[in-house]
$ cat model-v4.pdb   # PDB, C-alpha atoms
ATOM      1  CA  MET A  89       0.000   0.000   0.000
ATOM      2  CA  LYS A  90       1.342   3.431  -0.938
ATOM      3  CA  ARG A  91       2.011   6.004   1.776
ATOM      4  CA  SER A  92      -0.848   8.223   0.575
ATOM      5  CA  GLU A  93      -3.249   5.261   0.803
ATOM      6  CA  ALA A  94      -1.933   4.438   4.285
ATOM      7  CA  ARG A  95      -2.397   8.088   5.238
ATOM      8  CA  GLU A  96      -6.002   7.919   4.054
ATOM      9  CA  MET A  97      -6.586   4.863   6.266
ATOM     10  CA  LEU A  98      -4.957   6.725   9.150
ATOM     11  CA  PHE A  99      -7.287   9.659   8.545
ATOM     12  CA  LYS A 100     -10.285   7.316   8.680
ATOM     13  CA  ALA A 101      -8.988   5.808  11.921
ATOM     14  CA  LEU A 102      -8.518   9.273  13.437
ATOM     15  CA  TYR A 103     -12.033  10.220  12.398
ATOM     16  CA  GLU A 104     -13.310   7.109  14.142
ATOM     17  CA  VAL A 105     -11.388   8.117  17.271
ATOM     18  CA  GLU A 106     -13.014  11.562  17.119
ATOM     19  CA  ILE A 107     -16.472  10.022  16.895
ATOM     20  CA  GLN A 108     -15.942   7.359  19.563
ATOM     21  CA  LYS A 109     -13.726   9.556  21.781
ATOM     22  CA  ASP A 110     -11.420   6.588  22.353
ATOM     23  CA  ILE A 111     -10.246   3.517  20.518
ATOM     24  CA  THR A 112      -9.222   0.212  22.029
ATOM     25  CA  GLU A 113      -6.937  -2.375  20.527
ATOM     26  CA  GLU A 114     -10.030  -4.414  19.635
ATOM     27  CA  HIS A 115     -11.589  -1.430  17.834
ATOM     28  CA  MET A 116      -8.343  -0.899  15.933
ATOM     29  CA  GLU A 117      -8.208  -4.553  14.864
ATOM     30  CA  LEU A 118     -11.838  -4.382  13.682
ATOM     31  CA  PHE A 119     -11.125  -1.155  11.798
ATOM     32  CA  LEU A 120      -8.150  -2.709  10.007
ATOM     33  CA  GLU A 121     -10.089  -5.889   9.237
ATOM     34  CA  ASN A 122     -13.155  -4.006   7.946
ATOM     35  CA  ASN A 123     -10.972  -1.854   5.700
ATOM     36  CA  GLU A 124      -9.020  -4.892   4.487
ATOM     37  CA  VAL A 125      -5.662  -3.517   5.593
ATOM     38  CA  THR A 126      -3.322  -6.502   5.492
ATOM     39  CA  ASP A 127       0.092  -4.991   4.777
ATOM     40  CA  ALA A 128       2.201  -5.280   7.945
ATOM     41  CA  ALA A 129       4.001  -1.972   7.332
ATOM     42  CA  THR A 130       0.704  -0.123   6.883
ATOM     43  CA  ILE A 131      -0.787  -1.729   9.984
ATOM     44  CA  GLY A 132       2.273  -0.698  11.990
ATOM     45  CA  TYR A 133       2.167   2.841  10.599
ATOM     46  CA  ILE A 134      -1.527   3.293  11.440
ATOM     47  CA  LYS A 135      -1.325   1.772  14.921
ATOM     48  CA  ASN A 136       1.806   3.724  15.797
ATOM     49  CA  ALA A 137       0.427   7.024  14.512
ATOM     50  CA  VAL A 138      -2.935   6.640  16.282
ATOM     51  CA  SER A 139      -1.128   5.795  19.507
ATOM     52  CA  GLU A 140       1.273   8.743  19.242
ATOM     53  CA  ILE A 141      -1.493  11.172  18.316
ATOM     54  CA  ASN A 142      -3.503  10.015  21.344
ATOM     55  CA  GLU A 143      -0.435  10.483  23.569
ATOM     56  CA  LYS A 144       0.140  14.003  22.220
ATOM     57  CA  LYS A 145      -3.560  14.860  21.993
ATOM     58  CA  GLU A 146      -3.462  17.779  24.447
ATOM     59  CA  GLU A 147      -0.445  19.372  22.792
ATOM     60  CA  ILE A 148      -1.914  18.981  19.286
ATOM     61  CA  GLU A 149      -5.306  20.331  20.349
ATOM     62  CA  GLU A 150      -3.607  23.276  22.056
ATOM     63  CA  LEU A 151      -1.863  24.145  18.778
ATOM     64  CA  ILE A 152      -5.195  24.038  16.974
ATOM     65  CA  THR A 153      -6.934  26.102  19.658
ATOM     66  CA  LYS A 154      -4.202  28.782  19.613
ATOM     67  CA  ASN A 155      -4.854  29.356  15.929
ATOM     68  CA  LEU A 156      -8.631  29.585  16.028
ATOM     69  CA  LYS A 157     -10.494  32.821  15.518
ATOM     70  CA  LYS A 158     -11.650  34.660  18.593
ATOM     71  CA  ASP A 159     -14.671  33.024  20.259
ATOM     72  CA  TRP A 160     -14.117  29.724  18.426
ATOM     73  CA  THR A 161     -13.574  26.405  20.184
ATOM     74  CA  LEU A 162     -12.636  22.932  19.031
ATOM     75  CA  GLU A 163     -16.255  21.894  19.436
ATOM     76  CA  ARG A 164     -17.254  24.213  16.575
ATOM     77  CA  ILE A 165     -14.929  22.480  14.133
ATOM     78  CA  SER A 166     -16.242  19.410  12.331
ATOM     79  CA  LYS A 167     -14.862  16.030  13.372
ATOM     80  CA  ILE A 168     -13.533  15.512   9.856
ATOM     81  CA  ASN A 169     -11.545  18.754   9.972
ATOM     82  CA  ILE A 170     -10.223  17.962  13.457
ATOM     83  CA  ALA A 171      -9.018  14.567  12.232
ATOM     84  CA  LEU A 172      -7.314  16.203   9.221
ATOM     85  CA  LEU A 173      -5.676  18.861  11.381
ATOM     86  CA  LYS A 174      -4.414  16.299  13.889
ATOM     87  CA  LEU A 175      -2.971  14.191  11.080
ATOM     88  CA  ALA A 176      -1.227  17.150   9.444
ATOM     89  CA  ILE A 177       0.115  18.548  12.721
ATOM     90  CA  TYR A 178       1.350  15.119  13.784
ATOM     91  CA  GLU A 179       3.198  14.624  10.508
ATOM     92  CA  ILE A 180       4.701  18.107  10.486
ATOM     93  CA  LYS A 181       5.729  18.228  14.125
ATOM     94  CA  TYR A 182       6.532  14.640  15.082
ATOM     95  CA  THR A 183       7.678  12.887  11.906
ATOM     96  CA  GLU A 184      10.214  13.578   9.212
ATOM     97  CA  THR A 185       7.501  14.216   6.642
ATOM     98  CA  PRO A 186       8.232  17.510   4.846
ATOM     99  CA  PHE A 187       5.615  20.107   5.783
ATOM    100  CA  LYS A 188       4.743  20.689   2.123
ATOM    101  CA  VAL A 189       3.904  16.997   1.712
ATOM    102  CA  ALA A 190       1.853  16.896   4.924
ATOM    103  CA  ILE A 191      -0.135  19.962   3.911
ATOM    104  CA  ASN A 192      -0.674  18.737   0.351
ATOM    105  CA  GLU A 193      -1.850  15.327   1.567
ATOM    106  CA  ALA A 194      -4.260  16.913   4.070
ATOM    107  CA  ILE A 195      -5.711  19.076   1.303
ATOM    108  CA  ASP A 196      -6.057  16.045  -0.977
ATOM    109  CA  LEU A 197      -7.896  14.140   1.742
TER     110      LEU A 197
END

$ encode --input "model-v4.pdb" --output "C-alpha cells"
Amino acid sequence: MKRSEAREMLFKALYEVEIQKDITEEHMELFLENNEVTDAATIGYIKNAVSEINEKKEEIEELITKNLKKDWTLERISKINIALLKLAIYEIKYTETPFKVAINEAIDL
C-alpha cells in the first residue's frame, strides 16, 4: 500500500477516534479488518500514529486552539476537519515528513 493510501486509512482511523472519543486495541483490529488492511508496514504505521497522536492529543489540540479565531472552540470544528488537522500537525511536528507533503496530503484528503 502506498504512503498516501496508508495516510487515508490513518485519517479514517482518526475520524473514528473523534467520533468514539477513544479507541481500544479491539476497535483498531476491527477497523483494520473491515478496511481490508493486510500490509504489515501499513498496519504498523496506522497503529503507531494513532497511539502517538492520542499520547500528544493535548499538545496537538492546544496548537489548533491557539490558531482559532476569537470566540471559536474545538467543538465548533467538524470532526472531519479535526481529524485532518491532527494528522497534518502530527506529521509536520513529530515525523520527518516535509511540511509541504503533509499539507498537500491533508488538502487532498

$ residues_around --input "model-v4.pdb" --residues "Thr130 in chain A" --least-positions-apart "3" --cutoff "9 Å" --atoms "all atoms listed in the file" --output "list in words"
Met89, Lys90, Arg91, Ala94, Arg95, Met97, Val125, Thr126, Asp127, Tyr133, Ile134 and Lys135 of chain A

$ resolve_selection --input "model-v4.pdb" --expression "the PyMOL selection byres ((chain A and resi 180-185) around 12)" --output "list of chain:residue names"
A:Arg91, A:Ser92, A:Arg95, A:Tyr133, A:Asn136, A:Ala137, A:Glu140, A:Ile141, A:Glu143, A:Lys144, A:Glu147, A:Ile148, A:Leu151, A:Leu173, A:Lys174, A:Leu175, A:Ala176, A:Ile177, A:Tyr178, A:Glu179, A:Pro186, A:Phe187, A:Lys188, A:Val189, A:Ala190, A:Ile191, A:Asn192, A:Glu193, A:Ala194

$ residues_around --input "model-v4.pdb" --residues "Leu172 in chain A" --least-positions-apart "6" --cutoff "9 Å" --atoms "only C-alpha atoms" --output "PyMOL selection string"
chain A and resi 99+102-103+194-195+197

$ resolve_selection --input "model-v4.pdb" --expression "the PyMOL selection byres ((chain A and resi 123) around 12)" --output "VMD selection string"
chain A and resid 93 to 94 96 to 98 100 to 101 116 to 122 124 to 127 130 to 131

$ closest_residue --input "model-v4.pdb" --among "A:Asp196, A:Ile107, A:Glu113, A:Ser139" --to "Ile168 in chain A" --atoms "all atoms listed in the file"
A:Ile107

$ atom_distance --input "model-v4.pdb" --atom1 "CA of Thr161 in chain A" --atom2 "CA of Thr112 in chain A"
26.6 Å

$ decode --input "model-v4.pdb" --residues "range 133-160 of chain A" --atoms "N, CA, C and O atoms" --output "PDB file, in the first residue's frame"
ATOM      1  N   TYR A 133       2.228   1.379  10.755  1.00  0.00           N
ATOM      2  CA  TYR A 133       2.167   2.841  10.599  1.00  0.00           C
ATOM      3  C   TYR A 133       0.898   3.402  11.228  1.00  0.00           C
ATOM      4  O   TYR A 133       0.944   4.372  11.983  1.00  0.00           O
ATOM      5  N   ILE A 134      -0.244   2.792  10.931  1.00  0.00           N
ATOM      6  CA  ILE A 134      -1.527   3.293  11.440  1.00  0.00           C
ATOM      7  C   ILE A 134      -1.599   3.156  12.952  1.00  0.00           C
ATOM      8  O   ILE A 134      -1.940   4.115  13.649  1.00  0.00           O
ATOM      9  N   LYS A 135      -1.264   1.989  13.471  1.00  0.00           N
ATOM     10  CA  LYS A 135      -1.325   1.772  14.921  1.00  0.00           C
ATOM     11  C   LYS A 135      -0.388   2.714  15.662  1.00  0.00           C
ATOM     12  O   LYS A 135      -0.757   3.300  16.678  1.00  0.00           O
ATOM     13  N   ASN A 136       0.825   2.855  15.152  1.00  0.00           N
ATOM     14  CA  ASN A 136       1.806   3.724  15.797  1.00  0.00           C
ATOM     15  C   ASN A 136       1.347   5.181  15.776  1.00  0.00           C
ATOM     16  O   ASN A 136       1.423   5.882  16.786  1.00  0.00           O
ATOM     17  N   ALA A 137       0.859   5.631  14.642  1.00  0.00           N
ATOM     18  CA  ALA A 137       0.427   7.024  14.512  1.00  0.00           C
ATOM     19  C   ALA A 137      -0.773   7.320  15.405  1.00  0.00           C
ATOM     20  O   ALA A 137      -0.801   8.350  16.088  1.00  0.00           O
ATOM     21  N   VAL A 138      -1.761   6.425  15.422  1.00  0.00           N
ATOM     22  CA  VAL A 138      -2.935   6.640  16.282  1.00  0.00           C
ATOM     23  C   VAL A 138      -2.505   6.703  17.743  1.00  0.00           C
ATOM     24  O   VAL A 138      -2.944   7.576  18.497  1.00  0.00           O
ATOM     25  N   SER A 139      -1.619   5.816  18.128  1.00  0.00           N
ATOM     26  CA  SER A 139      -1.128   5.795  19.507  1.00  0.00           C
ATOM     27  C   SER A 139      -0.393   7.085  19.856  1.00  0.00           C
ATOM     28  O   SER A 139      -0.638   7.698  20.905  1.00  0.00           O
ATOM     29  N   GLU A 140       0.512   7.514  18.982  1.00  0.00           N
ATOM     30  CA  GLU A 140       1.273   8.743  19.242  1.00  0.00           C
ATOM     31  C   GLU A 140       0.373   9.975  19.247  1.00  0.00           C
ATOM     32  O   GLU A 140       0.568  10.874  20.064  1.00  0.00           O
ATOM     33  N   ILE A 141      -0.584  10.024  18.355  1.00  0.00           N
ATOM     34  CA  ILE A 141      -1.493  11.172  18.316  1.00  0.00           C
ATOM     35  C   ILE A 141      -2.330  11.214  19.595  1.00  0.00           C
ATOM     36  O   ILE A 141      -2.559  12.282  20.157  1.00  0.00           O
ATOM     37  N   ASN A 142      -2.756  10.053  20.078  1.00  0.00           N
ATOM     38  CA  ASN A 142      -3.503  10.015  21.344  1.00  0.00           C
ATOM     39  C   ASN A 142      -2.631  10.463  22.516  1.00  0.00           C
ATOM     40  O   ASN A 142      -3.098  11.164  23.408  1.00  0.00           O
ATOM     41  N   GLU A 143      -1.360  10.066  22.509  1.00  0.00           N
ATOM     42  CA  GLU A 143      -0.435  10.483  23.569  1.00  0.00           C
ATOM     43  C   GLU A 143      -0.202  11.988  23.547  1.00  0.00           C
ATOM     44  O   GLU A 143      -0.058  12.615  24.591  1.00  0.00           O
ATOM     45  N   LYS A 144      -0.155  12.576  22.381  1.00  0.00           N
ATOM     46  CA  LYS A 144       0.140  14.003  22.220  1.00  0.00           C
ATOM     47  C   LYS A 144      -1.125  14.823  21.974  1.00  0.00           C
ATOM     48  O   LYS A 144      -1.059  15.967  21.536  1.00  0.00           O
ATOM     49  N   LYS A 145      -2.263  14.245  22.280  1.00  0.00           N
ATOM     50  CA  LYS A 145      -3.560  14.860  21.993  1.00  0.00           C
ATOM     51  C   LYS A 145      -3.674  16.280  22.561  1.00  0.00           C
ATOM     52  O   LYS A 145      -4.079  17.202  21.851  1.00  0.00           O
ATOM     53  N   GLU A 146      -3.323  16.457  23.821  1.00  0.00           N
ATOM     54  CA  GLU A 146      -3.462  17.779  24.447  1.00  0.00           C
ATOM     55  C   GLU A 146      -2.591  18.816  23.748  1.00  0.00           C
ATOM     56  O   GLU A 146      -3.032  19.930  23.494  1.00  0.00           O
ATOM     57  N   GLU A 147      -1.366  18.446  23.447  1.00  0.00           N
ATOM     58  CA  GLU A 147      -0.445  19.372  22.792  1.00  0.00           C
ATOM     59  C   GLU A 147      -0.931  19.736  21.384  1.00  0.00           C
ATOM     60  O   GLU A 147      -0.897  20.907  20.985  1.00  0.00           O
ATOM     61  N   ILE A 148      -1.415  18.743  20.639  1.00  0.00           N
ATOM     62  CA  ILE A 148      -1.914  18.981  19.286  1.00  0.00           C
ATOM     63  C   ILE A 148      -3.164  19.850  19.330  1.00  0.00           C
ATOM     64  O   ILE A 148      -3.297  20.806  18.568  1.00  0.00           O
ATOM     65  N   GLU A 149      -4.079  19.537  20.233  1.00  0.00           N
ATOM     66  CA  GLU A 149      -5.306  20.331  20.349  1.00  0.00           C
ATOM     67  C   GLU A 149      -5.015  21.754  20.811  1.00  0.00           C
ATOM     68  O   GLU A 149      -5.692  22.689  20.396  1.00  0.00           O
ATOM     69  N   GLU A 150      -3.995  21.927  21.633  1.00  0.00           N
ATOM     70  CA  GLU A 150      -3.607  23.276  22.056  1.00  0.00           C
ATOM     71  C   GLU A 150      -3.105  24.087  20.862  1.00  0.00           C
ATOM     72  O   GLU A 150      -3.426  25.273  20.727  1.00  0.00           O
ATOM     73  N   LEU A 151      -2.340  23.455  19.985  1.00  0.00           N
ATOM     74  CA  LEU A 151      -1.863  24.145  18.778  1.00  0.00           C
ATOM     75  C   LEU A 151      -3.030  24.567  17.895  1.00  0.00           C
ATOM     76  O   LEU A 151      -3.036  25.666  17.344  1.00  0.00           O
ATOM     77  N   ILE A 152      -4.020  23.700  17.773  1.00  0.00           N
ATOM     78  CA  ILE A 152      -5.195  24.038  16.974  1.00  0.00           C
ATOM     79  C   ILE A 152      -5.949  25.187  17.626  1.00  0.00           C
ATOM     80  O   ILE A 152      -6.303  26.169  16.963  1.00  0.00           O
ATOM     81  N   THR A 153      -6.174  25.088  18.926  1.00  0.00           N
ATOM     82  CA  THR A 153      -6.934  26.102  19.658  1.00  0.00           C
ATOM     83  C   THR A 153      -6.265  27.474  19.581  1.00  0.00           C
ATOM     84  O   THR A 153      -6.941  28.487  19.414  1.00  0.00           O
ATOM     85  N   LYS A 154      -4.939  27.507  19.676  1.00  0.00           N
ATOM     86  CA  LYS A 154      -4.202  28.782  19.613  1.00  0.00           C
ATOM     87  C   LYS A 154      -4.437  29.521  18.300  1.00  0.00           C
ATOM     88  O   LYS A 154      -4.325  30.731  18.235  1.00  0.00           O
ATOM     89  N   ASN A 155      -4.724  28.762  17.257  1.00  0.00           N
ATOM     90  CA  ASN A 155      -4.854  29.356  15.929  1.00  0.00           C
ATOM     91  C   ASN A 155      -6.285  29.536  15.460  1.00  0.00           C
ATOM     92  O   ASN A 155      -6.525  29.843  14.294  1.00  0.00           O
ATOM     93  N   LEU A 156      -7.231  29.367  16.369  1.00  0.00           N
ATOM     94  CA  LEU A 156      -8.631  29.585  16.028  1.00  0.00           C
ATOM     95  C   LEU A 156      -8.977  31.065  16.132  1.00  0.00           C
ATOM     96  O   LEU A 156      -8.344  31.815  16.870  1.00  0.00           O
ATOM     97  N   LYS A 157     -10.003  31.457  15.409  1.00  0.00           N
ATOM     98  CA  LYS A 157     -10.494  32.821  15.518  1.00  0.00           C
ATOM     99  C   LYS A 157     -11.042  33.043  16.919  1.00  0.00           C
ATOM    100  O   LYS A 157     -11.406  32.097  17.615  1.00  0.00           O
ATOM    101  N   LYS A 158     -11.109  34.293  17.295  1.00  0.00           N
ATOM    102  CA  LYS A 158     -11.650  34.660  18.593  1.00  0.00           C
ATOM    103  C   LYS A 158     -13.065  34.075  18.743  1.00  0.00           C
ATOM    104  O   LYS A 158     -13.844  34.076  17.800  1.00  0.00           O
ATOM    105  N   ASP A 159     -13.372  33.597  19.908  1.00  0.00           N
ATOM    106  CA  ASP A 159     -14.671  33.024  20.259  1.00  0.00           C
ATOM    107  C   ASP A 159     -14.940  31.666  19.601  1.00  0.00           C
ATOM    108  O   ASP A 159     -16.051  31.182  19.643  1.00  0.00           O
ATOM    109  N   TRP A 160     -13.942  31.055  18.988  1.00  0.00           N
ATOM    110  CA  TRP A 160     -14.117  29.724  18.426  1.00  0.00           C
ATOM    111  C   TRP A 160     -13.515  28.697  19.376  1.00  0.00           C
ATOM    112  O   TRP A 160     -12.530  28.974  20.067  1.00  0.00           O
TER     113      TRP A 160
END
